file input27.txt (compact mmCIF, C-alpha atoms)
# COMPACT_ATOMS: atom_id res chain seq x y z
CA ILE J 1 105.12 114.79 84.88
CA GLY J 2 108.73 114.51 83.76
CA ALA J 3 109.43 114.77 80.03
CA ILE J 4 112.99 115.99 79.46
CA GLY J 5 113.10 119.62 78.39
CA GLY J 6 115.64 121.93 76.79
CA ASN J 7 116.60 119.49 74.03
CA ASP J 8 114.46 120.91 71.17
CA ASN J 9 112.72 117.56 70.94
CA GLY J 10 109.02 116.97 71.54
CA VAL J 11 107.27 118.36 74.63
CA THR J 12 108.63 119.45 77.99
CA SER J 13 107.13 118.99 81.44
CA LEU J 14 106.83 120.30 84.98
CA ASN J 15 110.11 118.54 85.86
CA PRO J 16 112.30 118.85 82.76
CA ASP J 17 115.66 118.06 84.42
CA PRO J 18 116.19 114.26 84.49
CA ASN J 19 118.84 114.66 87.18
CA LYS J 20 116.19 115.81 89.65
CA PHE J 21 113.56 113.12 89.32
CA SER J 22 113.13 109.41 88.78
CA PHE J 23 110.15 107.28 87.83
CA PHE J 24 108.95 103.85 88.73
CA ILE J 25 106.08 102.79 86.49
CA ALA J 26 103.83 99.93 87.59
CA LYS J 27 101.12 98.50 85.37
CA GLY J 28 97.79 98.05 87.15
CA LEU J 29 95.55 97.69 84.09
CA THR J 30 95.50 95.62 80.92
CA ASP J 31 96.51 96.90 77.49
CA GLY J 32 92.82 97.53 76.82
CA GLY J 33 92.47 99.77 79.86
CA GLY J 34 90.47 97.34 82.01
CA GLY J 35 91.45 95.80 85.28
CA THR J 36 90.55 95.05 88.88
CA GLY J 37 90.95 96.77 92.21
CA SER J 38 93.40 94.11 93.34
CA GLY J 39 95.51 94.70 90.24
CA VAL J 40 95.68 98.42 90.97
CA LEU J 41 96.57 97.71 94.60
CA GLN J 42 99.40 95.43 93.54
CA ALA J 43 100.78 98.14 91.25
CA VAL J 44 100.60 100.76 94.00
CA GLU J 45 102.25 98.38 96.47
CA LYS J 46 105.10 97.82 94.01
CA CYS J 47 105.60 101.57 93.67
CA VAL J 48 105.72 101.97 97.44
CA ASP J 49 108.18 99.09 97.77
CA GLU J 50 110.42 100.81 95.22
CA GLY J 51 110.46 103.98 97.30
CA ALA J 52 107.93 106.14 95.45
CA LYS J 53 106.84 109.20 97.43
CA ILE J 54 104.19 110.40 94.96
CA ILE J 55 101.82 108.05 93.16
CA SER J 56 99.69 109.34 90.30
CA MET J 57 96.71 107.24 89.23
CA SER J 58 94.99 108.11 85.96
CA LEU J 59 92.32 105.49 86.46
CA GLY J 60 89.11 104.83 88.32
CA GLY J 61 86.04 102.66 88.54
CA GLY J 62 84.04 100.50 90.87
CA GLY J 63 82.69 101.33 94.29
CA PHE J 64 84.06 101.93 97.75
CA SER J 65 86.32 99.16 99.09
CA THR J 66 87.18 98.92 102.77
CA THR J 67 90.36 96.98 101.97
CA THR J 68 91.56 99.52 99.42
CA ASN J 69 90.65 102.44 101.66
CA GLU J 70 92.63 100.99 104.57
CA THR J 71 95.61 100.15 102.34
CA PHE J 72 95.79 103.63 100.84
CA SER J 73 95.33 105.17 104.27
CA GLY J 74 98.29 103.16 105.55
CA TYR J 75 100.52 104.30 102.70
CA TYR J 76 99.50 107.91 103.29
CA GLU J 77 99.59 107.98 107.10
CA GLU J 78 102.44 105.59 107.82
CA GLU J 79 104.62 105.47 104.70
CA GLY J 80 104.46 109.21 103.90
CA VAL J 81 103.24 108.68 100.33
CA LEU J 82 101.23 111.36 98.54
CA LEU J 83 98.43 109.74 96.54
CA ILE J 84 96.81 111.55 93.61
CA ALA J 85 94.07 110.30 91.27
CA ALA J 86 91.73 111.38 88.49
CA ALA J 87 88.32 112.54 89.75
CA GLY J 88 86.52 110.77 86.88
CA ASN J 89 85.07 111.52 83.46
CA ASP J 90 81.36 110.76 83.87
CA GLY J 91 80.45 114.43 84.24
CA ASN J 92 78.23 113.79 87.27
CA SER J 93 78.43 114.00 91.06
CA ALA J 94 79.08 110.31 91.71
CA TYR J 95 82.13 109.34 93.75
CA ASN J 96 84.88 107.81 91.63
CA TYR J 97 87.48 105.59 93.27
CA PRO J 98 90.31 105.60 94.18
CA ALA J 99 90.10 109.42 93.89
CA SER J 100 87.31 109.73 96.48
CA TYR J 101 89.14 108.00 99.31
CA GLY J 102 90.08 110.53 101.98
CA SER J 103 93.79 109.75 101.71
CA VAL J 104 93.81 110.48 97.96
CA MET J 105 93.79 113.89 96.26
CA SER J 106 90.90 113.91 93.76
CA VAL J 107 91.78 116.01 90.68
CA ALA J 108 89.24 117.72 88.43
CA ALA J 109 90.01 118.87 84.87
CA VAL J 110 89.90 122.40 83.46
CA ASP J 111 90.38 123.75 79.94
CA SER J 112 92.75 126.48 78.74
CA ASN J 113 90.25 129.13 79.89
CA LYS J 114 90.25 127.66 83.40
CA ASN J 115 86.69 126.41 83.03
CA LYS J 116 85.68 123.01 84.37
CA ALA J 117 85.67 120.41 81.63
CA SER J 118 82.18 119.12 80.88
CA PHE J 119 83.24 115.54 81.60
CA SER J 120 84.93 116.28 84.92
CA GLN J 121 83.35 114.67 87.99
CA PHE J 122 82.06 117.10 90.66
CA ASN J 123 81.49 116.34 94.34
CA ASP J 124 82.74 117.22 97.81
CA GLN J 125 85.75 114.94 97.44
CA VAL J 126 87.16 116.93 94.51
CA GLU J 127 90.17 118.64 96.07
CA ILE J 128 92.08 120.43 93.34
CA ALA J 129 92.04 120.97 89.58
CA GLY J 130 94.62 120.66 86.80
CA PRO J 131 94.81 121.13 83.02
CA GLY J 132 92.93 118.28 81.36
CA VAL J 133 91.59 119.35 77.94
CA SER J 134 93.53 118.86 74.69
CA ILE J 135 96.77 118.03 76.50
CA GLN J 136 99.59 117.10 74.15
CA SER J 137 101.74 114.21 75.25
CA THR J 138 103.64 111.21 73.99
CA ILE J 139 102.01 108.03 72.72
CA PRO J 140 103.53 104.72 71.59
CA GLY J 141 105.43 104.75 68.31
CA ASN J 142 107.40 107.93 69.00
CA LYS J 143 104.32 110.01 68.31
CA TYR J 144 102.34 112.79 69.98
CA ALA J 145 98.63 113.31 70.46
CA SER J 146 96.25 115.64 72.30
CA TRP J 147 94.00 113.92 74.83
CA SER J 148 91.36 115.10 77.28
CA GLY J 149 90.32 113.74 80.66
CA THR J 150 90.91 113.96 84.38
CA SER J 151 93.60 111.37 83.63
CA MET J 152 95.53 114.25 82.08
CA ALA J 153 94.82 116.57 85.01
CA ALA J 154 96.02 114.20 87.76
CA PRO J 155 99.64 113.94 86.52
CA HIS J 156 99.80 117.74 86.27
CA VAL J 157 99.10 117.93 90.00
CA ALA J 158 101.52 115.08 90.68
CA GLY J 159 104.19 116.88 88.66
CA VAL J 160 103.70 120.10 90.62
CA ALA J 161 103.84 118.13 93.87
CA ALA J 162 107.16 116.59 92.83
CA LEU J 163 108.57 119.95 91.77
CA VAL J 164 107.56 121.68 95.01
CA TRP J 165 108.68 118.78 97.22
CA SER J 166 112.11 118.83 95.57
CA HIS J 167 112.60 122.35 96.97
CA PHE J 168 111.31 121.42 100.44
CA PRO J 169 112.49 117.84 101.01
CA ASN J 170 111.97 118.07 104.78
CA CYS J 171 108.23 118.58 104.43
CA SER J 172 105.86 115.67 104.89
CA ASN J 173 103.43 114.39 102.31
CA LYS J 174 100.61 115.98 104.31
CA GLN J 175 102.33 119.37 104.28
CA ILE J 176 102.90 119.19 100.52
CA ARG J 177 99.23 118.35 100.07
CA GLU J 178 98.19 121.26 102.27
CA ALA J 179 100.52 123.63 100.42
CA LEU J 180 99.03 122.65 97.07
CA ILE J 181 95.43 123.23 98.08
CA ALA J 182 96.05 126.30 100.26
CA SER J 183 97.84 128.04 97.38
CA ALA J 184 95.57 126.89 94.53
CA GLN J 185 94.02 129.56 92.29
CA ASP J 186 90.41 129.87 93.43
CA LEU J 187 88.03 129.20 90.54
CA GLY J 188 84.25 129.15 90.31
CA ALA J 189 82.41 130.04 93.51
CA ASP J 190 84.42 131.56 96.35
CA GLY J 191 86.28 129.04 98.44
CA CYS J 192 86.28 125.30 97.95
CA ASP J 193 83.54 124.06 95.64
CA HIS J 194 82.54 120.75 94.13
CA ASP J 195 83.66 121.63 90.59
CA TYR J 196 87.26 122.77 91.20
CA GLY J 197 87.94 121.83 94.82
CA PHE J 198 90.21 124.51 96.24
CA GLY J 199 91.13 125.60 92.71
CA LEU J 200 93.75 125.26 89.99
CA VAL J 201 97.11 123.89 91.10
CA ASP J 202 99.76 126.63 91.27
CA ALA J 203 103.42 125.63 91.52
CA LYS J 204 104.70 129.14 92.31
CA GLY J 205 101.92 129.65 94.85
CA ALA J 206 102.79 126.41 96.65
CA TYR J 207 106.49 127.31 96.62
CA ASP J 208 105.74 130.74 98.12
CA PHE J 209 103.45 129.16 100.72
CA LEU J 210 106.19 126.83 101.96
CA SER J 211 108.84 129.54 101.73
CA GLU J 212 106.80 131.48 104.27
CA LYS J 213 105.53 128.60 106.42
CA GLY J 214 108.45 126.22 106.30
CA CYS J 215 107.80 122.58 107.17
CA ASN J 216 106.70 122.97 110.78
CA PHE J 217 103.01 123.80 110.42
CA PRO J 218 100.30 121.38 111.60
CA THR J 219 97.94 119.57 109.23
CA GLY J 220 94.37 118.49 109.81
CA ASP J 221 92.67 115.15 109.85
CA THR J 222 92.70 113.15 106.63
CA GLN J 223 89.27 113.65 105.08
CA GLY J 224 89.88 114.74 101.50
CA GLY J 225 88.15 117.21 99.23
CA CYS J 226 86.64 120.36 100.70
CA TYR J 227 87.22 119.04 104.22
CA GLN J 228 90.98 118.74 103.97
CA CYS J 229 92.70 122.10 104.40
CA VAL J 230 93.08 123.57 107.90
CA GLU J 231 94.93 126.59 106.48
CA CYS J 232 91.94 127.49 104.29
CA THR J 233 89.33 129.50 106.14
CA SER J 234 86.58 129.26 103.50
CA SER J 235 83.84 126.70 103.94
CA PRO J 236 82.56 124.67 101.00
CA THR J 237 80.31 126.83 98.84
CA SER J 238 77.51 124.30 98.84
CA SER J 239 76.30 122.02 101.56
CA PRO J 240 78.40 118.91 100.99
CA THR J 241 77.26 115.44 101.72
CA VAL J 242 79.04 113.44 104.38
CA PRO J 243 82.36 112.06 103.08
CA PRO J 244 82.43 108.38 102.14
CA THR J 245 82.70 106.04 105.10
CA THR J 246 83.40 102.39 105.49
CA SER J 247 79.69 101.55 105.81
CA SER J 248 78.01 99.33 103.27
CA PRO J 249 76.39 101.07 100.29
CA THR J 250 72.64 101.62 100.28
CA PRO J 251 70.91 98.67 98.57
CA CYS J 252 69.33 99.43 95.22
CA ALA J 253 65.53 99.60 95.53
CA GLY J 254 65.05 99.17 91.79
CA LYS J 255 67.49 97.53 89.41
CA THR J 256 71.11 98.18 88.54
CA PHE J 257 71.96 99.81 85.23
CA HIS J 258 75.42 98.92 83.88
CA LEU J 259 76.94 100.76 80.93
CA LYS J 260 80.38 100.59 79.35
CA LEU J 261 81.32 103.05 76.62
CA LYS J 262 84.54 103.05 74.66
CA ILE J 263 84.76 106.56 73.23
CA ASP J 264 86.58 107.52 70.02
CA SER J 265 88.46 110.76 69.29
CA TYR J 266 85.23 112.77 69.30
CA GLY J 267 83.92 112.21 72.80
CA GLY J 268 81.75 115.32 72.80
CA GLU J 269 79.51 113.81 70.13
CA THR J 270 78.32 110.88 72.25
CA SER J 271 75.38 111.05 74.66
CA TRP J 272 72.88 108.61 76.14
CA LYS J 273 69.80 108.47 78.31
CA VAL J 274 67.61 106.00 80.19
CA THR J 275 63.91 106.86 80.31
CA ARG J 276 60.73 105.63 81.93
CA GLN J 277 57.13 106.20 80.89
CA HIS J 278 54.94 107.46 83.71
CA ASN J 279 51.38 108.82 83.39
CA ASN J 280 51.81 109.14 79.63
CA ASN J 281 54.98 111.21 80.14
CA VAL J 282 58.51 110.12 79.25
CA ASN J 283 60.93 111.01 82.05
CA ILE J 284 64.72 110.85 81.89
CA VAL J 285 66.08 108.98 84.91
CA LYS J 286 69.77 108.84 83.96
CA SER J 287 71.85 110.41 81.21
CA GLY J 288 75.44 111.17 80.23
CA SER J 289 77.36 113.28 77.72
CA GLY J 290 80.52 115.34 77.16
CA TYR J 291 83.01 112.50 77.49
CA ALA J 292 86.77 112.71 77.18
CA SER J 293 88.21 111.59 73.87
CA ASN J 294 89.55 108.02 73.68
CA SER J 295 88.29 107.18 77.14
CA VAL J 296 86.48 104.18 78.57
CA VAL J 297 83.43 105.11 80.59
CA HIS J 298 81.85 102.85 83.19
CA VAL J 299 78.44 103.66 84.66
CA GLU J 300 76.70 101.70 87.39
CA GLU J 301 73.52 103.32 88.72
CA CYS J 302 70.36 102.27 90.50
CA ILE J 303 67.28 102.99 88.35
CA PRO J 304 63.53 102.38 88.80
CA ASN J 305 62.19 99.00 87.77
CA ASP J 306 60.00 100.59 85.10
CA ALA J 307 62.87 102.44 83.40
CA CYS J 308 63.00 100.31 80.27
CA THR J 309 64.33 102.43 77.41
CA PHE J 310 68.00 103.05 76.72
CA GLU J 311 68.96 105.40 73.87
CA ILE J 312 72.38 106.44 72.64
CA PHE J 313 73.14 109.29 70.26
CA ASP J 314 75.88 110.58 67.98
CA SER J 315 75.43 114.33 67.42
CA HIS J 316 77.61 114.37 64.29
CA GLY J 317 75.31 111.90 62.63
CA ASP J 318 77.95 109.51 61.30
CA GLY J 319 76.83 106.69 63.53
CA LYS J 320 78.51 104.51 66.08
CA SER J 321 81.10 102.49 64.21
CA PHE J 322 82.22 99.23 65.74
CA ARG J 323 84.82 98.76 63.02
CA HIS J 324 86.61 101.92 64.10
CA HIS J 325 85.90 101.30 67.79
CA SER J 326 83.82 104.45 68.06
CA LEU J 327 81.46 103.01 70.61
CA ILE J 328 80.78 99.89 72.57
CA TYR J 329 77.84 99.66 74.95
CA HIS J 330 76.30 96.97 77.09
CA TYR J 331 72.93 97.34 78.80
CA ILE J 332 72.45 94.50 81.25
CA GLN J 333 69.04 95.05 82.87
CA GLN J 334 65.90 94.97 80.75
CA CYS J 335 62.17 95.09 81.49

call {"tool": "encode", "arguments": {"input": "input27.txt", "output": "structure tokens"}}
result
Amino acid sequence: IGAIGGNDNGVTSLNPDPNKFSFFIAKGLTDGGGGTGSGVLQAVEKCVDEGAKIISMSLGGGGFSTTTNETFSGYYEEEGVLLIAAAGNDGNSAYNYPASYGSVMSVAAVDSNKNKASFSQFNDQVEIAGPGVSIQSTIPGNKYASWSGTSMAAPHVAGVAALVWSHFPNCSNKQIREALIASAQDLGADGCDHDYGFGLVDAKGAYDFLSEKGCNFPTGDTQGGCYQCVECTSSPTSSPTVPPTTSSPTPCAGKTFHLKLKIDSYGGETSWKVTRQHNNNVNIVKSGSGYASNSVVHVEECIPNDACTFEIFDSHGDGKSFRHHSLIYHYIQQC
């Protein structure tokens, strides 16, 4: 978002001039990367209290929360805060929160060839995409490392938002959001799609959009994802499901499968599946693969009562080392 540039030291960023930006960093998770929804809300509230206008959240997990949804909506609608979050790294179409709340921009990840990362979540709440594969950044100890995940993509979009907003300070958070998605580079199928949203974030495109429009154009209702942009004439390229609402989730008719994976530096090597035996055939009911390196993956899915076999694989063949923290898994429900 804002590494200082032009000093021949380390990496630069979307906002390299420290005189034009400031950060307030709030900690919503533990050192191990875990946490609670209330902890994240407290961190976001602290950022808002300190005057933050853009909040980037490289985190996610858990289900829809009416309290969180209403709180984020208040910050977005009443406080003028632009909220941006990682779409998720499970590589499936499930909604990840907080990214899938209507008031939050859900960010997918693409690689250097502008292809969707295999781990990137895809659904009708994905709104925009950013670079998220092998992204070099700083880590503790004055070191650098390349990481992958939608957690890398979200701050790219937040950084572009900050850069563009600095040139158009009279625009609202809603207008900055609209400028970003209306000017995004369309990827994949024509128009907004579930893999890339409206496309790859484009700083110059957003700048040109606001240079032409100014800050007086209307914005649509807050819905998020492919439903968000009134300036975009294209409809979603697949029939989207209805956006998340405040209704209670559908009860599980079978049993709930819980899985937690702590991935090492070779996330692409790990895969898993849950199977059931039916009429002498083995059917896969849930599976996952293509995870971001050094990520923590949480899965909570409803599965049939007779789905009894859980298998996990390492394609490289060197096993799943607990000593080196390659993998941790926990299967709660059993037959």

call {"tool": "atom_distance", "arguments": {"input": "input27.txt", "atom1": "atom CA of Val40 of chain J", "atom2": "atom CA of Ser295 of chain J"}}
result
18.0 Å

call {"tool": "closest_residue", "arguments": {"input": "input27.txt", "among": "J:Glu178, J:Asp111, J:Asp31, J:Glu79", "to": "Asp49 of chain J", "atoms": "all atoms listed in the file"}}
result
J:Glu79

call {"tool": "atom_distance", "arguments": {"input": "input27.txt", "atom1": "atom CA of Gly88 of chain J", "atom2": "atom CA of Met152 of chain J"}}
result
10.8 Å

call {"tool": "closest_residue", "arguments": {"input": "input27.txt", "among": "J:Ser271, J:Asn19, J:Gly5, J:Ser172", "to": "Thr219 of chain J", "atoms": "all atoms listed in the file"}}
result
J:Ser172

call {"tool": "closest_residue", "arguments": {"input": "input27.txt", "among": "J:Gly205, J:Gly288, J:Gly35, J:Gly220", "to": "Ser120 of chain J", "atoms": "only C-alpha atoms"}}
result
J:Gly288

call {"tool": "closest_residue", "arguments": {"input": "input27.txt", "among": "J:Val126, J:Ala117, J:Leu259, J:Ala161", "to": "Ser93 of chain J", "atoms": "all atoms listed in the file"}}
result
J:Val126

call {"tool": "residues_around", "arguments": {"input": "input27.txt", "residues": "Pro155 of chain J", "least_positions_apart": "6", "cutoff": "10 Å", "atoms": "all atoms listed in the file", "output": "VMD selection string"}}
result
chain J and resid 1 to 2 14 55 to 58 84 to 86 107 130 to 132 161

call {"tool": "write_last_selection", "arguments": {"input": "input27.txt", "atoms": "C-alpha atoms", "output": "short mmCIF file (atom, residue, chain, number, x, y, z; two decimals), in the coordinates of the input"}}
result
data_model
loop_
_atom_site.label_atom_id
_atom_site.label_comp_id
_atom_site.auth_asym_id
_atom_site.auth_seq_id
_atom_site.Cartn_x
_atom_site.Cartn_y
_atom_site.Cartn_z
CA ILE J 1 105.12 114.79 84.88
CA GLY J 2 108.73 114.51 83.76
CA LEU J 14 106.83 120.30 84.98
CA ILE J 55 101.82 108.05 93.16
CA SER J 56 99.69 109.34 90.30
CA MET J 57 96.71 107.24 89.23
CA SER J 58 94.99 108.11 85.96
CA ILE J 84 96.81 111.55 93.61
CA ALA J 85 94.07 110.30 91.27
CA ALA J 86 91.73 111.38 88.49
CA VAL J 107 91.78 116.01 90.68
CA GLY J 130 94.62 120.66 86.80
CA PRO J 131 94.81 121.13 83.02
CA GLY J 132 92.93 118.28 81.36
CA ALA J 161 103.84 118.13 93.87
#

call {"tool": "residues_near_point", "arguments": {"input": "input27.txt", "point": "(70.7, 106.8, 77.9)", "cutoff": "6 Å", "atoms": "all atoms listed in the file", "output": "ChimeraX atom specification"}}
result
/J:272-274,287,310-312

call {"tool": "axis_aligned_box", "arguments": {"input": "input27.txt", "around": "segment 253-261 of chain J", "padding_each_side": "3 Å", "output": "JSON"}}
result
{"center_x": 73.2, "center_y": 100.3, "center_z": 86.1, "size_x": 22.3, "size_y": 11.5, "size_z": 24.9}

call {"tool": "atom_distance", "arguments": {"input": "input27.txt", "atom1": "atom CA of Gly74 of chain J", "atom2": "atom CA of Asp193 of chain J"}}
result
27.4 Å

call {"tool": "residues_around", "arguments": {"input": "input27.txt", "residues": "Ser183 of chain J", "least_positions_apart": "2", "cutoff": "9 Å", "atoms": "all atoms listed in the file", "output": "JSON list (two decimals) with C-alpha atoms, keeping the file's coordinate frame"}}
result
[["chain", "number", "residue", "atom", "x", "y", "z"],
["J", 178, "GLU", "CA", 98.19, 121.26, 102.27],
["J", 179, "ALA", "CA", 100.52, 123.63, 100.42],
["J", 180, "LEU", "CA", 99.03, 122.65, 97.07],
["J", 181, "ILE", "CA", 95.43, 123.23, 98.08],
["J", 185, "GLN", "CA", 94.02, 129.56, 92.29],
["J", 186, "ASP", "CA", 90.41, 129.87, 93.43],
["J", 198, "PHE", "CA", 90.21, 124.51, 96.24],
["J", 199, "GLY", "CA", 91.13, 125.60, 92.71],
["J", 200, "LEU", "CA", 93.75, 125.26, 89.99],
["J", 201, "VAL", "CA", 97.11, 123.89, 91.10],
["J", 202, "ASP", "CA", 99.76, 126.63, 91.27],
["J", 203, "ALA", "CA", 103.42, 125.63, 91.52],
["J", 204, "LYS", "CA", 104.70, 129.14, 92.31],
["J", 205, "GLY", "CA", 101.92, 129.65, 94.85],
["J", 206, "ALA", "CA", 102.79, 126.41, 96.65],
["J", 207, "TYR", "CA", 106.49, 127.31, 96.62],
["J", 208, "ASP", "CA", 105.74, 130.74, 98.12],
["J", 209, "PHE", "CA", 103.45, 129.16, 100.72]]

call {"tool": "closest_residue", "arguments": {"input": "input27.txt", "among": "J:His194, J:Arg177, J:Lys143, J:Lys262", "to": "Asp124 of chain J", "atoms": "only C-alpha atoms"}}
result
J:His194

call {"tool": "build_atoms", "arguments": {"input": "input27.txt", "residues": "segment 99-116 of chain J", "atoms": "N, CA and C atoms", "output": "mmCIF file, keeping the file's coordinate frame"}}
result
data_model
loop_
_atom_site.group_PDB
_atom_site.id
_atom_site.type_symbol
_atom_site.label_atom_id
_atom_site.label_comp_id
_atom_site.auth_asym_id
_atom_site.auth_seq_id
_atom_site.Cartn_x
_atom_site.Cartn_y
_atom_site.Cartn_z
ATOM 1 N N ALA J 99 89.964 107.987 93.617
ATOM 2 C CA ALA J 99 90.100 109.420 93.890
ATOM 3 C C ALA J 99 89.323 109.870 95.123
ATOM 4 N N SER J 100 88.180 109.248 95.414
ATOM 5 C CA SER J 100 87.310 109.730 96.480
ATOM 6 C C SER J 100 87.618 109.156 97.856
ATOM 7 N N TYR J 101 88.676 108.366 97.974
ATOM 8 C CA TYR J 101 89.140 108.000 99.310
ATOM 9 C C TYR J 101 89.767 109.217 99.973
ATOM 10 N N GLY J 102 89.586 109.351 101.283
ATOM 11 C CA GLY J 102 90.080 110.530 101.980
ATOM 12 C C GLY J 102 91.577 110.727 101.896
ATOM 13 N N SER J 103 92.328 109.661 101.751
ATOM 14 C CA SER J 103 93.790 109.750 101.710
ATOM 15 C C SER J 103 94.318 110.089 100.318
ATOM 16 N N VAL J 104 93.417 110.227 99.348
ATOM 17 C CA VAL J 104 93.810 110.480 97.960
ATOM 18 C C VAL J 104 93.332 111.863 97.520
ATOM 19 N N MET J 105 94.181 112.613 96.832
ATOM 20 C CA MET J 105 93.790 113.890 96.260
ATOM 21 C C MET J 105 93.004 113.638 94.968
ATOM 22 N N SER J 106 91.759 114.075 94.929
ATOM 23 C CA SER J 106 90.900 113.910 93.760
ATOM 24 C C SER J 106 91.057 115.137 92.858
ATOM 25 N N VAL J 107 91.415 114.914 91.589
ATOM 26 C CA VAL J 107 91.780 116.010 90.680
ATOM 27 C C VAL J 107 90.743 116.169 89.577
ATOM 28 N N ALA J 108 90.167 117.361 89.499
ATOM 29 C CA ALA J 108 89.240 117.720 88.430
ATOM 30 C C ALA J 108 90.030 118.272 87.242
ATOM 31 N N ALA J 109 89.357 118.383 86.089
ATOM 32 C CA ALA J 109 90.010 118.870 84.870
ATOM 33 C C ALA J 109 89.437 120.221 84.452
ATOM 34 N N VAL J 110 90.316 121.117 84.003
ATOM 35 C CA VAL J 110 89.900 122.400 83.460
ATOM 36 C C VAL J 110 90.485 122.564 82.059
ATOM 37 N N ASP J 111 89.862 123.466 81.276
ATOM 38 C CA ASP J 111 90.380 123.750 79.940
ATOM 39 C C ASP J 111 91.333 124.933 79.977
ATOM 40 N N SER J 112 91.764 125.405 78.801
ATOM 41 C CA SER J 112 92.750 126.480 78.740
ATOM 42 C C SER J 112 92.204 127.812 79.223
ATOM 43 N N ASN J 113 90.878 127.925 79.347
ATOM 44 C CA ASN J 113 90.250 129.130 79.890
ATOM 45 C C ASN J 113 89.949 128.993 81.372
ATOM 46 N N LYS J 114 90.436 127.946 81.979
ATOM 47 C CA LYS J 114 90.250 127.660 83.400
ATOM 48 C C LYS J 114 88.798 127.361 83.753
ATOM 49 N N ASN J 115 88.048 126.852 82.785
ATOM 50 C CA ASN J 115 86.690 126.410 83.030
ATOM 51 C C ASN J 115 86.667 124.909 83.246
ATOM 52 N N LYS J 116 85.783 124.449 84.128
ATOM 53 C CA LYS J 116 85.680 123.010 84.370
ATOM 54 C C LYS J 116 85.301 122.295 83.088
#
